[in-house]
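K.L.:
This is the content of run.csv (CSV, C-alpha atoms):
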chain,number,residue,atom,x,y,z
T,1,MET,CA,-8.2,-24.4,-5.5
T,2,GLU,CA,-10.8,-25.4,-8.1
T,3,PRO,CA,-10.2,-24.7,-11.8
T,4,ILE,CA,-11.8,-21.7,-13.3
T,5,ASN,CA,-13.3,-21.2,-16.7
T,6,GLU,CA,-12.4,-18.6,-19.4
T,7,THR,CA,-15.3,-16.3,-18.4
T,8,VAL,CA,-14.2,-16.0,-14.8
T,9,VAL,CA,-10.6,-15.5,-16.0
T,10,ARG,CA,-11.7,-12.5,-18.1
T,11,GLN,CA,-13.6,-11.1,-15.1
T,12,LEU,CA,-10.6,-11.5,-12.9
T,13,LEU,CA,-8.3,-10.0,-15.5
T,14,ALA,CA,-10.5,-6.9,-15.6
T,15,LEU,CA,-10.2,-6.6,-11.8
T,16,TYR,CA,-6.5,-7.3,-12.0
T,17,LEU,CA,-5.9,-4.5,-14.4
T,18,GLU,CA,-7.7,-2.1,-12.1
T,19,GLY,CA,-5.6,-3.3,-9.1
T,20,GLU,CA,-8.7,-4.7,-7.4
T,21,THR,CA,-7.9,-8.4,-7.1
T,22,THR,CA,-7.2,-10.2,-3.9
T,23,LEU,CA,-4.2,-12.4,-3.4
T,24,ALA,CA,-6.3,-15.5,-3.8
T,25,GLN,CA,-7.8,-14.2,-7.1
T,26,GLU,CA,-4.3,-13.5,-8.4
T,27,GLN,CA,-3.2,-17.0,-7.4
T,28,GLN,CA,-6.2,-18.3,-9.4
T,29,LEU,CA,-5.0,-16.4,-12.4
T,30,ALA,CA,-1.5,-17.6,-12.0
T,31,ALA,CA,-2.7,-21.2,-11.7
T,32,TYR,CA,-4.9,-20.8,-14.8
T,33,PHE,CA,-2.2,-19.4,-17.0
T,34,GLY,CA,0.3,-21.9,-15.5
T,35,GLN,CA,-1.6,-25.0,-16.6
T,36,SER,CA,0.0,-26.9,-19.4
T,37,ASP,CA,-2.2,-26.5,-22.5
T,38,HIS,CA,-5.2,-25.7,-20.3
T,39,GLU,CA,-6.3,-29.4,-20.1
T,40,GLY,CA,-6.7,-29.8,-23.8
T,41,GLU,CA,-8.3,-26.4,-24.7
T,42,ASN,CA,-6.3,-23.8,-26.6
T,43,LEU,CA,-5.8,-20.4,-25.0
T,44,PRO,CA,-7.4,-17.6,-27.1
T,45,ASP,CA,-5.0,-15.3,-28.8
T,46,ASP,CA,-6.1,-12.3,-26.7
T,47,LEU,CA,-5.1,-14.1,-23.5
T,48,GLN,CA,-1.7,-15.2,-24.7
T,49,PRO,CA,0.1,-12.0,-23.5
T,50,TYR,CA,-1.3,-12.6,-20.0
T,51,ARG,CA,0.1,-16.1,-20.0
T,52,ALA,CA,3.5,-14.7,-20.8
T,53,LEU,CA,3.0,-12.1,-18.1
T,54,PHE,CA,2.2,-14.6,-15.4
T,55,GLN,CA,5.0,-16.9,-16.5
T,56,PHE,CA,7.3,-13.9,-16.2
T,57,PHE,CA,6.1,-13.3,-12.6
T,58,LYS,CA,6.7,-17.0,-11.8
T,59,VAL,CA,10.2,-16.9,-13.0
T,60,GLU,CA,11.0,-13.5,-11.4
T,61,ALA,CA,9.5,-14.6,-8.1
T,62,ALA,CA,12.2,-17.2,-7.8
T,63,VAL,CA,15.0,-14.7,-8.6
T,64,LEU,CA,13.9,-11.4,-6.9
T,65,PRO,CA,13.7,-11.1,-3.1
T,66,THR,CA,10.2,-11.1,-1.8
T,67,PRO,CA,9.1,-7.6,-0.8
T,68,GLN,CA,7.7,-7.2,2.7
T,69,LYS,CA,4.5,-5.7,1.3
T,70,ALA,CA,3.0,-5.6,-2.1
T,71,ILE,CA,2.7,-2.1,-3.6
T,72,ARG,CA,-0.5,-1.1,-5.2
T,73,SER,CA,-1.1,2.4,-6.3
T,74,PRO,CA,-4.5,3.8,-5.3
T,75,ARG,CA,-4.9,1.9,-2.1
T,76,ASN,CA,-1.3,2.5,-0.9
T,77,LEU,CA,-1.5,6.2,-1.7
T,78,ILE,CA,-4.4,6.4,0.7
T,79,ARG,CA,-2.3,4.5,3.2
T,80,LEU,CA,0.5,7.0,2.6
T,81,PHE,CA,-1.7,10.0,3.2
T,82,VAL,CA,-3.3,8.7,6.4
T,83,PRO,CA,-0.2,9.2,8.5
T,84,LEU,CA,0.3,12.6,6.9
T,85,ALA,CA,-3.2,13.5,7.8
T,86,ALA,CA,-2.6,12.3,11.3
T,87,VAL,CA,0.4,14.6,11.6
T,88,ALA,CA,-1.6,17.6,10.3
T,89,ALA,CA,-4.5,16.7,12.8
T,90,CYS,CA,-2.0,16.5,15.7
T,91,VAL,CA,-0.5,19.9,14.8
T,92,LEU,CA,-3.9,21.5,14.6
T,93,LEU,CA,-5.0,19.8,17.9
T,94,PHE,CA,-1.8,21.1,19.5
T,95,PHE,CA,-2.6,24.7,18.6
T,96,ALA,CA,-6.3,24.2,19.4
T,97,LEU,CA,-5.7,22.9,22.9
T,98,PHE,CA,-2.9,25.2,23.9
T,99,SER,CA,-3.8,28.8,24.4
T,100,PHE,CA,-1.4,31.2,25.9
T,101,GLU,CA,-2.8,33.4,28.7
T,102,ASP,CA,-0.5,35.3,30.8
T,103,ASP,CA,2.4,33.2,29.6
T,104,ASP,CA,0.8,30.1,31.2
T,105,PHE,CA,0.3,26.9,29.3
T,106,ILE,CA,-3.3,25.7,29.4
T,107,TYR,CA,-3.9,22.1,28.3
T,108,TYR,CA,-7.0,19.9,28.6
T,109,LYS,CA,-6.6,16.2,29.3
T,110,ASP,CA,-9.6,14.0,30.0
T,111,GLY,CA,-11.7,17.1,30.4
T,112,GLN,CA,-9.5,18.6,33.1
T,113,ARG,CA,-7.7,21.8,32.7
T,114,ILE,CA,-3.9,21.5,33.3
T,115,ARG,CA,-1.9,24.7,34.0
T,116,ASP,CA,1.4,23.0,34.9
T,117,LYS,CA,3.8,24.0,32.2
T,118,ALA,CA,6.1,21.0,32.7
T,119,GLU,CA,3.2,18.5,32.4
T,120,ALA,CA,1.8,20.3,29.4
T,121,LEU,CA,5.2,20.2,27.7
T,122,HIS,CA,5.6,16.5,28.5
T,123,LEU,CA,2.2,15.7,27.0
T,124,ALA,CA,3.0,17.8,23.9
T,125,GLN,CA,6.3,15.9,23.6
T,126,GLN,CA,4.5,12.6,23.7
T,127,GLN,CA,2.2,13.8,20.8
T,128,LEU,CA,5.2,15.0,18.8
T,129,ASP,CA,6.9,11.6,19.3
T,130,ILE,CA,3.8,9.9,17.8
T,131,ILE,CA,3.8,12.4,14.9
T,132,SER,CA,7.5,11.6,14.3
T,133,ILE,CA,6.7,7.8,14.1
T,134,HIS,CA,3.9,8.5,11.6
T,135,ALA,CA,6.2,10.8,9.5
T,136,GLN,CA,8.9,8.1,9.5
T,137,LYS,CA,6.4,5.4,8.3
T,138,ALA,CA,5.2,7.8,5.6
T,139,GLY,CA,8.8,8.3,4.4
T,140,GLU,CA,9.3,4.6,4.2
T,141,LEU,CA,6.2,4.2,2.1
T,142,ILE,CA,7.5,7.0,-0.2
T,143,GLY,CA,10.7,5.1,-0.6
T,144,LYS,CA,8.8,2.0,-1.7
T,145,LEU,CA,6.7,3.9,-4.1
T,146,GLU,CA,9.9,5.3,-5.7
T,147,GLN,CA,10.9,1.7,-6.5
T,148,ILE,CA,7.9,1.2,-8.8
T,149,PRO,CA,9.7,2.6,-11.9
T,150,LEU,CA,12.5,0.1,-11.4
T,151,TYR,CA,10.1,-2.9,-11.4
T,152,THR,CA,8.2,-1.5,-14.3
T,153,GLU,CA,11.4,-1.2,-16.3
T,154,ILE,CA,12.3,-4.8,-15.5
T,155,ILE,CA,8.9,-6.1,-16.4
T,156,SER,CA,8.7,-4.2,-19.7
T,157,LYS,CA,12.0,-5.8,-20.8
T,158,TYR,CA,10.3,-9.2,-20.8
T,159,ILE,CA,6.8,-8.4,-22.2
T,160,SER,CA,6.5,-8.0,-25.9
T,161,LYS,CA,4.4,-5.1,-27.1
Let me see whether you can do it: turn the structure in this file into structure tokens.
P.N.:
Amino acid sequence: MEPINETVVRQLLALYLEGETTLAQEQQLAAYFGQSDHEGENLPDDLQPYRALFQFFKVEAAVLPTPQKAIRSPRNLIRLFVPLAAVAACVLLFFALFSFEDDDFIYYKDGQRIRDKAEALHLAQQQLDIISIHAQKAGELIGKLEQIPLYTEIISKYISK
């Protein structure tokens, strides 16, 4: 990884504060702030808090267990709502495909009309199983999002205001 200059660091910090950096860019920032005395140049006063922040991350990374997936707010909220939208779409599809005529189930699969009640119920059960899997994943993501205040509290203890 080649060294970066102060201008690039400021651009990356702006992206970092918006939650738009890649892992490689965050590693560049960590490397920049981890250098001893920045190869002879003094770090500007406005960048000193970021140096402390990245040093904190380095220390905490050694202590805290590594999460399976990094949590980022805007992008992960979209990932949270995708399974929920899939559940809603499946429910709507279920009611759109099934119409009740003379107490018979009517189901369309691959353009073919199916009137067999047992087969229709089997196919509906398969769809509901898929919905259940997506709902479970959404619940796990909500659990991860609920942990954010804990990490924020830990970080705020080490960062001076």
K.L.:
Enclose all atoms of stretch 103-122 of chain T listed in the file in an axis-aligned box, grow every side by 4 Å, and hand back centre and edge lengths in Å to one decimal, as AutoDock Vina command-line options.
P.N.:
--center_x -2.8 --center_y 23.6 --center_z 31.3 --size_x 25.8 --size_y 27.2 --size_z 15.2
K.L.:
Measure the distance from atom CA of T:Val63 to atom CA of T:Ile155 in Å and round it to one decimal.
P.N.:
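About the pair atom CA of T:Val63 and atom CA of T:Ile155: they are 13.1 Å apart.
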K.L.:
Can you tell me how far atom CA of T:Leu80 sits from atom CA of T:Gly143, in Å to one decimal?
P.N.:
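Separation between atom CA of T:Leu80 and atom CA of T:Gly143: 10.9 Å.
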K.L.:
Identify which of the residues T:Leu150, T:Leu97, T:Ile130, T:Gln125 lies closest to T:Gln112, counting only C-alpha atoms when measuring atom-to-atom distances.
P.N.:
T:Leu97
K.L.:
One decimal, Å: what's the distance from atom CA of T:Arg79 over to atom CA of T:Leu141, could you say?
P.N.:
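Rounded to one decimal, the two atoms are 8.6 Å apart.
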K.L.:
Excluding T:Leu123 and its own-chain neighbours fewer than 5 positions away, which residues fall within 9 Å of it when counting all atoms listed in the file? Please give them as a ChimeraX atom specification.
P.N.:
/T:107,118,128
K.L.:
Using all atoms listed in the file, which residue out of T:Leu15, T:Val59, T:Ala85, T:Ile114 lies closest to T:Gly34?
P.N.:
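Closest to T:Gly34, using all atoms listed in the file: T:Val59.
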K.L.:
Which residues, written as a ChimeraX atom specification, have at least one atom at most 12 Å from T:Gln25, with only C-alpha atoms counted and residues fewer than 3 positions away on the same chain left out?
P.N.:
/T:1-4,8-16,19-22,28-32
K.L.:
Find, counting only C-alpha atoms, the residue in T:Asn5, T:Val87, T:Ile154, T:Gln136 that gets nearest to T:Phe57.
P.N.:
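Residue with the minimum atom-to-atom distance to T:Phe57: T:Ile154.
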K.L.:
Fewer than 3 positions away in the same chain doesn't count, so skip those; otherwise give me all residues within 9 Å of T:Ala52, counting only C-alpha atoms, as a tab-separated table (two decimals) with C-alpha atoms, keeping the file's coordinate frame.
P.N.:
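Saved as part_19.tsv:
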chain	number	residue	atom	x	y	z
T	33	PHE	CA	-2.20	-19.40	-17.00
T	48	GLN	CA	-1.70	-15.20	-24.70
T	49	PRO	CA	0.10	-12.00	-23.50
T	55	GLN	CA	5.00	-16.90	-16.50
T	56	PHE	CA	7.30	-13.90	-16.20
T	57	PHE	CA	6.10	-13.30	-12.60
T	158	TYR	CA	10.30	-9.20	-20.80
T	159	ILE	CA	6.80	-8.40	-22.20
T	160	SER	CA	6.50	-8.00	-25.90
